[in-house]
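Beneath this line is the structure, given in structure tokens, with notes to follow.
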Amino acid sequence: MTKTNTPIIIVNFKTYSEATGSKALQLAKNCEKISLEAEIRVGVAPQLVDLKQIVKAVSIPVFAQHMDPIKPGSSTGHVLPESIKEAGASGTLINHSERRIKLADIDTTITRAREVGLTSLVCTNNSAVSAAVASLKPDMIAIEPPELIGTGISVSKAKPEIVSGTVELVNRINPDLVVLCGAGITTGEDVAAALRLGTKGVLVASGVVKAQNSYNVLSEFAEATARA
Ligand code: G3P
């Protein structure tokens, strides 16, 4: 299992045009700048096509947004774990709400990530699924209630009991598991609340990607993280 330094802020670029191609590169550089200035851990999850150029340009952890539990061979259109590793990524998101897979495939994908040396970050939609995934021993999970994704209404403020309940449940099953939360995170206070609830960081998208000034938002997140 890969050891993850925490707290960590991971920015999911999704398929936003503000985080595609050259804009993805600029955003990744801003994330790196904040990480170095504030001495906090910041990771990015760009689109696959942008992965390699970002890995080359920054020294922060870079995650794929998805990979398939396949072996090298005849799987046209799939994402091979070995190619993510060779591109220089540190890890991969698995089972994001916008890219769901079956539990059996989550299991195999975690295993493949471990085989090739990638950190596995599995997204979950509720406490029960989080508990099921915890027993599969990924490196990290991120609890993200789908109804709050992209709303600007923070899970750590709107549904604190889901976050703290998940942390407690998951820790009983697998105490080594790093738990993050995500959905609607937009302010430093949202990040601070997430950490107070027992998480080790956040997975965030629109609050950073679509911000007028992503650097300022990330600074606010970094300050909140340092204070926690
Ligand atoms: O993966 C992060 C995510 O789904 C949360 O999205 O836009 O609510 O920060 P957002």
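Going by the structure tokens order, chains are called A, B, ..., each with residues numbered from 1, while ligands are numbered from 1 in the order shown.
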
Please tabulate, as JSON lines, the residues of chain A that come within 6 Å of ligand 1, each with its closest pair of atoms and the distance in Å to one decimal, counting only C-alpha atoms and all ligand atoms and ordering rows by chain, then residue number upward.
```
{"residue": "A:Asn12", "atom": "CA", "partner": "ligand 1", "partner_atom_place_in_ligand_line": "1 (O)", "distance": 5.2}
{"residue": "A:Ile149", "atom": "CA", "partner": "ligand 1", "partner_atom_place_in_ligand_line": "8 (O)", "distance": 3.6}
{"residue": "A:Gly150", "atom": "CA", "partner": "ligand 1", "partner_atom_place_in_ligand_line": "8 (O)", "distance": 3.5}
{"residue": "A:Thr151", "atom": "CA", "partner": "ligand 1", "partner_atom_place_in_ligand_line": "8 (O)", "distance": 5.9}
{"residue": "A:Gly182", "atom": "CA", "partner": "ligand 1", "partner_atom_place_in_ligand_line": "5 (C)", "distance": 5.0}
{"residue": "A:Ala183", "atom": "CA", "partner": "ligand 1", "partner_atom_place_in_ligand_line": "8 (O)", "distance": 3.5}
{"residue": "A:Gly184", "atom": "CA", "partner": "ligand 1", "partner_atom_place_in_ligand_line": "8 (O)", "distance": 3.7}
{"residue": "A:Ile185", "atom": "CA", "partner": "ligand 1", "partner_atom_place_in_ligand_line": "9 (O)", "distance": 5.3}
{"residue": "A:Leu203", "atom": "CA", "partner": "ligand 1", "partner_atom_place_in_ligand_line": "2 (C)", "distance": 5.0}
{"residue": "A:Val204", "atom": "CA", "partner": "ligand 1", "partner_atom_place_in_ligand_line": "9 (O)", "distance": 3.8}
{"residue": "A:Ala205", "atom": "CA", "partner": "ligand 1", "partner_atom_place_in_ligand_line": "9 (O)", "distance": 3.7}
{"residue": "A:Ser206", "atom": "CA", "partner": "ligand 1", "partner_atom_place_in_ligand_line": "7 (O)", "distance": 3.6}
{"residue": "A:Gly207", "atom": "CA", "partner": "ligand 1", "partner_atom_place_in_ligand_line": "9 (O)", "distance": 5.4}
```

Emit the selected residues as a compact mmCIF listing (two decimals), in the first residue's frame, including N, CA and C atoms.
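So part_1.txt came out as:
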```txt
# COMPACT_ATOMS: atom_id res chain seq x y z
N ASN A 12 -10.00 17.80 -8.69
CA ASN A 12 -10.45 17.01 -9.84
C ASN A 12 -10.82 17.97 -10.98
N ILE A 149 -22.80 17.34 -5.33
CA ILE A 149 -21.69 17.59 -6.26
C ILE A 149 -22.04 18.75 -7.21
N GLY A 150 -21.12 19.70 -7.28
CA GLY A 150 -21.29 20.82 -8.20
C GLY A 150 -22.30 21.86 -7.76
N THR A 151 -22.81 21.75 -6.53
CA THR A 151 -23.85 22.69 -6.07
C THR A 151 -23.27 23.90 -5.34
N GLY A 182 -15.84 15.13 -0.29
CA GLY A 182 -15.96 16.07 -1.40
C GLY A 182 -17.41 16.32 -1.71
N ALA A 183 -17.66 17.30 -2.51
CA ALA A 183 -18.97 17.78 -2.97
C ALA A 183 -19.26 19.15 -2.36
N GLY A 184 -19.30 20.14 -3.24
CA GLY A 184 -19.68 21.49 -2.84
C GLY A 184 -18.65 22.27 -2.06
N ILE A 185 -17.43 21.75 -1.95
CA ILE A 185 -16.40 22.46 -1.16
C ILE A 185 -16.00 23.73 -1.93
N LEU A 203 -11.60 16.32 -1.68
CA LEU A 203 -11.57 16.16 -3.14
C LEU A 203 -12.52 17.23 -3.67
N VAL A 204 -12.00 18.14 -4.47
CA VAL A 204 -12.78 19.31 -4.87
C VAL A 204 -12.68 19.51 -6.37
N ALA A 205 -13.74 20.07 -6.96
CA ALA A 205 -13.68 20.36 -8.40
C ALA A 205 -14.13 21.80 -8.68
N SER A 206 -15.44 22.01 -8.86
CA SER A 206 -15.91 23.30 -9.36
C SER A 206 -15.50 24.49 -8.49
N GLY A 207 -15.42 24.28 -7.17
CA GLY A 207 -15.04 25.38 -6.26
C GLY A 207 -13.69 25.97 -6.61
```

Quick one: everything within 7 Å of Asp190 in chain A, counting only C-alpha atoms, minus sequence neighbours fewer than 4 positions away in the same chain. Send it as a ChimeraX atom specification.
/A:154,156-157,185-186,194

Check the DSSP output for the backbone and give back, as a ChimeraX atom specification, the residues of range 21-179 of chain A in strand (DSSP E).
/A:41-45,63-64,91-94,119-124,140-143,178-179

Write the residues you've just listed into a file as a PDB file, in the first residue's frame, and include N, CA and C atoms for each of them.
```pdb
ATOM      1  N   ARG A  41      -0.008  19.500   1.108  1.00  0.00           N
ATOM      2  CA  ARG A  41      -0.076  18.524   0.031  1.00  0.00           C
ATOM      3  C   ARG A  41      -1.265  18.866  -0.875  1.00  0.00           C
ATOM      4  N   VAL A  42      -0.990  19.092  -2.162  1.00  0.00           N
ATOM      5  CA  VAL A  42      -2.063  19.342  -3.135  1.00  0.00           C
ATOM      6  C   VAL A  42      -1.841  18.389  -4.299  1.00  0.00           C
ATOM      7  N   GLY A  43      -2.893  17.696  -4.719  1.00  0.00           N
ATOM      8  CA  GLY A  43      -2.799  16.819  -5.873  1.00  0.00           C
ATOM      9  C   GLY A  43      -3.795  17.259  -6.935  1.00  0.00           C
ATOM     10  N   VAL A  44      -3.596  16.786  -8.150  1.00  0.00           N
ATOM     11  CA  VAL A  44      -4.509  17.142  -9.237  1.00  0.00           C
ATOM     12  C   VAL A  44      -4.941  15.887  -9.994  1.00  0.00           C
ATOM     13  N   ALA A  45      -6.162  15.936 -10.533  1.00  0.00           N
ATOM     14  CA  ALA A  45      -6.664  14.816 -11.354  1.00  0.00           C
ATOM     15  C   ALA A  45      -7.155  15.382 -12.686  1.00  0.00           C
ATOM     16  N   PHE A  63      -3.157  12.414 -10.411  1.00  0.00           N
ATOM     17  CA  PHE A  63      -4.022  11.243 -10.438  1.00  0.00           C
ATOM     18  C   PHE A  63      -4.744  11.156 -11.778  1.00  0.00           C
ATOM     19  N   ALA A  64      -4.946   9.928 -12.245  1.00  0.00           N
ATOM     20  CA  ALA A  64      -5.871   9.728 -13.367  1.00  0.00           C
ATOM     21  C   ALA A  64      -7.287   9.846 -12.809  1.00  0.00           C
ATOM     22  N   GLY A  91      -1.349   8.121  -8.885  1.00  0.00           N
ATOM     23  CA  GLY A  91      -2.505   7.335  -8.474  1.00  0.00           C
ATOM     24  C   GLY A  91      -3.668   7.512  -9.423  1.00  0.00           C
ATOM     25  N   THR A  92      -4.791   6.965  -9.005  1.00  0.00           N
ATOM     26  CA  THR A  92      -5.989   7.074  -9.837  1.00  0.00           C
ATOM     27  C   THR A  92      -7.239   7.189  -8.983  1.00  0.00           C
ATOM     28  N   LEU A  93      -8.196   7.981  -9.454  1.00  0.00           N
ATOM     29  CA  LEU A  93      -9.535   7.945  -8.883  1.00  0.00           C
ATOM     30  C   LEU A  93     -10.189   6.662  -9.405  1.00  0.00           C
ATOM     31  N   ILE A  94     -11.077   6.117  -8.599  1.00  0.00           N
ATOM     32  CA  ILE A  94     -11.825   4.925  -9.004  1.00  0.00           C
ATOM     33  C   ILE A  94     -13.272   5.152  -8.585  1.00  0.00           C
ATOM     34  N   THR A 119      -1.436   4.819  -6.281  1.00  0.00           N
ATOM     35  CA  THR A 119      -2.308   5.042  -5.131  1.00  0.00           C
ATOM     36  C   THR A 119      -3.763   4.959  -5.592  1.00  0.00           C
ATOM     37  N   SER A 120      -4.571   4.218  -4.842  1.00  0.00           N
ATOM     38  CA  SER A 120      -5.980   4.085  -5.229  1.00  0.00           C
ATOM     39  C   SER A 120      -6.852   4.989  -4.368  1.00  0.00           C
ATOM     40  N   LEU A 121      -7.638   5.833  -5.008  1.00  0.00           N
ATOM     41  CA  LEU A 121      -8.578   6.724  -4.308  1.00  0.00           C
ATOM     42  C   LEU A 121      -9.978   6.400  -4.827  1.00  0.00           C
ATOM     43  N   VAL A 122     -10.754   5.708  -3.992  1.00  0.00           N
ATOM     44  CA  VAL A 122     -12.089   5.276  -4.423  1.00  0.00           C
ATOM     45  C   VAL A 122     -13.139   6.261  -3.924  1.00  0.00           C
ATOM     46  N   CYS A 123     -13.974   6.744  -4.824  1.00  0.00           N
ATOM     47  CA  CYS A 123     -15.074   7.636  -4.435  1.00  0.00           C
ATOM     48  C   CYS A 123     -16.280   6.784  -4.046  1.00  0.00           C
ATOM     49  N   THR A 124     -16.993   7.265  -3.024  1.00  0.00           N
ATOM     50  CA  THR A 124     -18.166   6.527  -2.543  1.00  0.00           C
ATOM     51  C   THR A 124     -19.310   7.516  -2.356  1.00  0.00           C
ATOM     52  N   MET A 140      -7.100   5.215  -0.215  1.00  0.00           N
ATOM     53  CA  MET A 140      -7.927   6.343   0.236  1.00  0.00           C
ATOM     54  C   MET A 140      -9.357   6.159  -0.273  1.00  0.00           C
ATOM     55  N   ILE A 141     -10.310   6.738   0.463  1.00  0.00           N
ATOM     56  CA  ILE A 141     -11.651   6.875  -0.111  1.00  0.00           C
ATOM     57  C   ILE A 141     -12.070   8.345   0.016  1.00  0.00           C
ATOM     58  N   ALA A 142     -13.012   8.744  -0.823  1.00  0.00           N
ATOM     59  CA  ALA A 142     -13.592  10.094  -0.721  1.00  0.00           C
ATOM     60  C   ALA A 142     -15.103   9.931  -0.717  1.00  0.00           C
ATOM     61  N   ILE A 143     -15.711  10.311   0.397  1.00  0.00           N
ATOM     62  CA  ILE A 143     -17.165  10.246   0.482  1.00  0.00           C
ATOM     63  C   ILE A 143     -17.745  11.506  -0.158  1.00  0.00           C
ATOM     64  N   VAL A 178      -7.184   6.294   4.520  1.00  0.00           N
ATOM     65  CA  VAL A 178      -7.270   7.757   4.531  1.00  0.00           C
ATOM     66  C   VAL A 178      -8.635   8.150   3.970  1.00  0.00           C
ATOM     67  N   VAL A 179      -9.414   8.885   4.766  1.00  0.00           N
ATOM     68  CA  VAL A 179     -10.757   9.282   4.318  1.00  0.00           C
ATOM     69  C   VAL A 179     -10.771  10.772   3.972  1.00  0.00           C
TER      70      VAL A 179
END
```

Quick check for you: according to DSSP on this backbone, which residues of range 131-169 of chain A are classed as helix (DSSP H, G or I)? Reply as number ranges by chain.
A: 131-134, 146-148, 155-158, 160-169

For range 216-224 of chain A: contacts at 10 Å, only C-alpha atoms, fewer than 6 positions along chain excluded, given as a PyMOL selection string:
chain A and resi 7-9+11+30-31+33-35+37-42+185-193+195+202+207-209

Export of the given selection (N, CA and C atoms) as a PDB file, in the first residue's frame:
```pdb
ATOM      1  N   PRO A   7      -2.606  16.292   5.804  1.00  0.00           N
ATOM      2  CA  PRO A   7      -3.804  16.460   4.981  1.00  0.00           C
ATOM      3  C   PRO A   7      -3.479  16.734   3.514  1.00  0.00           C
ATOM      4  N   ILE A   8      -4.441  16.421   2.685  1.00  0.00           N
ATOM      5  CA  ILE A   8      -4.247  16.601   1.250  1.00  0.00           C
ATOM      6  C   ILE A   8      -5.501  17.212   0.604  1.00  0.00           C
ATOM      7  N   ILE A   9      -5.255  18.092  -0.342  1.00  0.00           N
ATOM      8  CA  ILE A   9      -6.344  18.667  -1.145  1.00  0.00           C
ATOM      9  C   ILE A   9      -6.138  18.143  -2.564  1.00  0.00           C
ATOM     10  N   VAL A  11      -7.544  18.245  -6.419  1.00  0.00           N
ATOM     11  CA  VAL A  11      -8.415  18.994  -7.323  1.00  0.00           C
ATOM     12  C   VAL A  11      -8.716  18.132  -8.547  1.00  0.00           C
ATOM     13  N   ASN A  30      -0.671  26.329 -10.692  1.00  0.00           N
ATOM     14  CA  ASN A  30      -1.173  27.076  -9.531  1.00  0.00           C
ATOM     15  C   ASN A  30      -1.265  26.171  -8.309  1.00  0.00           C
ATOM     16  N   CYS A  31      -1.710  24.943  -8.541  1.00  0.00           N
ATOM     17  CA  CYS A  31      -1.813  23.983  -7.429  1.00  0.00           C
ATOM     18  C   CYS A  31      -0.425  23.700  -6.861  1.00  0.00           C
ATOM     19  N   LYS A  33       2.158  25.710  -7.010  1.00  0.00           N
ATOM     20  CA  LYS A  33       2.651  26.932  -6.365  1.00  0.00           C
ATOM     21  C   LYS A  33       2.144  26.998  -4.917  1.00  0.00           C
ATOM     22  N   ILE A  34       0.853  26.768  -4.752  1.00  0.00           N
ATOM     23  CA  ILE A  34       0.263  26.806  -3.406  1.00  0.00           C
ATOM     24  C   ILE A  34       0.886  25.724  -2.531  1.00  0.00           C
ATOM     25  N   SER A  35       1.062  24.559  -3.116  1.00  0.00           N
ATOM     26  CA  SER A  35       1.628  23.442  -2.357  1.00  0.00           C
ATOM     27  C   SER A  35       3.018  23.809  -1.827  1.00  0.00           C
ATOM     28  N   GLU A  37       4.360  26.983  -1.571  1.00  0.00           N
ATOM     29  CA  GLU A  37       4.324  28.169  -0.701  1.00  0.00           C
ATOM     30  C   GLU A  37       3.787  27.840   0.689  1.00  0.00           C
ATOM     31  N   ALA A  38       2.689  27.095   0.712  1.00  0.00           N
ATOM     32  CA  ALA A  38       2.024  26.844   2.000  1.00  0.00           C
ATOM     33  C   ALA A  38       2.489  25.546   2.656  1.00  0.00           C
ATOM     34  N   GLU A  39       3.358  24.836   1.933  1.00  0.00           N
ATOM     35  CA  GLU A  39       3.852  23.545   2.427  1.00  0.00           C
ATOM     36  C   GLU A  39       2.716  22.611   2.807  1.00  0.00           C
ATOM     37  N   ILE A  40       1.729  22.525   1.929  1.00  0.00           N
ATOM     38  CA  ILE A  40       0.668  21.534   2.140  1.00  0.00           C
ATOM     39  C   ILE A  40       0.594  20.647   0.899  1.00  0.00           C
ATOM     40  N   ARG A  41      -0.008  19.500   1.108  1.00  0.00           N
ATOM     41  CA  ARG A  41      -0.076  18.524   0.031  1.00  0.00           C
ATOM     42  C   ARG A  41      -1.265  18.866  -0.875  1.00  0.00           C
ATOM     43  N   VAL A  42      -0.990  19.092  -2.162  1.00  0.00           N
ATOM     44  CA  VAL A  42      -2.063  19.342  -3.135  1.00  0.00           C
ATOM     45  C   VAL A  42      -1.841  18.389  -4.299  1.00  0.00           C
ATOM     46  N   ILE A 185     -17.430  21.754  -1.948  1.00  0.00           N
ATOM     47  CA  ILE A 185     -16.400  22.464  -1.165  1.00  0.00           C
ATOM     48  C   ILE A 185     -15.995  23.730  -1.929  1.00  0.00           C
ATOM     49  N   THR A 186     -16.188  24.886  -1.285  1.00  0.00           N
ATOM     50  CA  THR A 186     -15.837  26.136  -1.989  1.00  0.00           C
ATOM     51  C   THR A 186     -15.040  27.125  -1.151  1.00  0.00           C
ATOM     52  N   THR A 187     -15.068  26.976   0.176  1.00  0.00           N
ATOM     53  CA  THR A 187     -14.383  27.965   1.026  1.00  0.00           C
ATOM     54  C   THR A 187     -13.392  27.273   1.966  1.00  0.00           C
ATOM     55  N   GLY A 188     -12.520  28.089   2.552  1.00  0.00           N
ATOM     56  CA  GLY A 188     -11.584  27.567   3.546  1.00  0.00           C
ATOM     57  C   GLY A 188     -12.346  26.960   4.709  1.00  0.00           C
ATOM     58  N   GLU A 189     -13.454  27.585   5.081  1.00  0.00           N
ATOM     59  CA  GLU A 189     -14.238  27.067   6.207  1.00  0.00           C
ATOM     60  C   GLU A 189     -14.802  25.675   5.877  1.00  0.00           C
ATOM     61  N   ASP A 190     -15.156  25.447   4.633  1.00  0.00           N
ATOM     62  CA  ASP A 190     -15.628  24.102   4.236  1.00  0.00           C
ATOM     63  C   ASP A 190     -14.514  23.065   4.451  1.00  0.00           C
ATOM     64  N   VAL A 191     -13.292  23.470   4.124  1.00  0.00           N
ATOM     65  CA  VAL A 191     -12.151  22.554   4.281  1.00  0.00           C
ATOM     66  C   VAL A 191     -11.878  22.320   5.767  1.00  0.00           C
ATOM     67  N   ALA A 192     -11.901  23.419   6.546  1.00  0.00           N
ATOM     68  CA  ALA A 192     -11.663  23.288   7.994  1.00  0.00           C
ATOM     69  C   ALA A 192     -12.714  22.375   8.616  1.00  0.00           C
ATOM     70  N   ALA A 193     -13.970  22.554   8.202  1.00  0.00           N
ATOM     71  CA  ALA A 193     -15.050  21.715   8.750  1.00  0.00           C
ATOM     72  C   ALA A 193     -14.803  20.244   8.408  1.00  0.00           C
ATOM     73  N   LEU A 195     -11.968  18.742   7.960  1.00  0.00           N
ATOM     74  CA  LEU A 195     -10.883  18.217   8.798  1.00  0.00           C
ATOM     75  C   LEU A 195     -11.359  18.004  10.238  1.00  0.00           C
ATOM     76  N   VAL A 202      -9.683  16.929   1.327  1.00  0.00           N
ATOM     77  CA  VAL A 202     -10.870  17.065   0.473  1.00  0.00           C
ATOM     78  C   VAL A 202     -10.551  16.744  -0.983  1.00  0.00           C
ATOM     79  N   GLY A 207     -15.416  24.283  -7.167  1.00  0.00           N
ATOM     80  CA  GLY A 207     -15.043  25.378  -6.258  1.00  0.00           C
ATOM     81  C   GLY A 207     -13.689  25.968  -6.605  1.00  0.00           C
ATOM     82  N   VAL A 208     -12.813  25.157  -7.201  1.00  0.00           N
ATOM     83  CA  VAL A 208     -11.489  25.637  -7.616  1.00  0.00           C
ATOM     84  C   VAL A 208     -11.475  25.902  -9.128  1.00  0.00           C
ATOM     85  N   VAL A 209     -11.913  24.895  -9.884  1.00  0.00           N
ATOM     86  CA  VAL A 209     -11.783  24.974 -11.351  1.00  0.00           C
ATOM     87  C   VAL A 209     -12.574  26.148 -11.921  1.00  0.00           C
TER      88      VAL A 209
END
```

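Take CA of Lys200 in chain A and CA of Cys181 in chain A: the distance between them is 8.4 Å.
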
Taken to one decimal, the CA of Leu136 in chain A-CA of Leu80 in chain A distance is 20.5 Å

Write out as a ChimeraX atom specification which residues come within 7 Å of range 161-163 of chain A when counting only C-alpha atoms, dropping same-chain ones fewer than 2 positions away.
/A:127,156,159,165-167,181,197

Let me make sure I understand: among A:Gly201, A:Pro81, A:Pro138, A:Pro46, which one has the smallest atom-to-atom distance to Leu25 in chain A if we use only C-alpha atoms?
A:Pro46

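Excluding Lys85 in chain A itself and any same-chain residue fewer than 6 positions from it, the protein and nucleic acid residues within 12 Å of it, counting only C-alpha atoms, are Leu48, Leu51, Lys52, Val55, Val62, Phe63, Ala64, Met67, Val79, Gly91, Thr92, Arg112, Ala113, Arg114, Glu115, Val116, Gly117, Leu118 and Thr119 of chain A.
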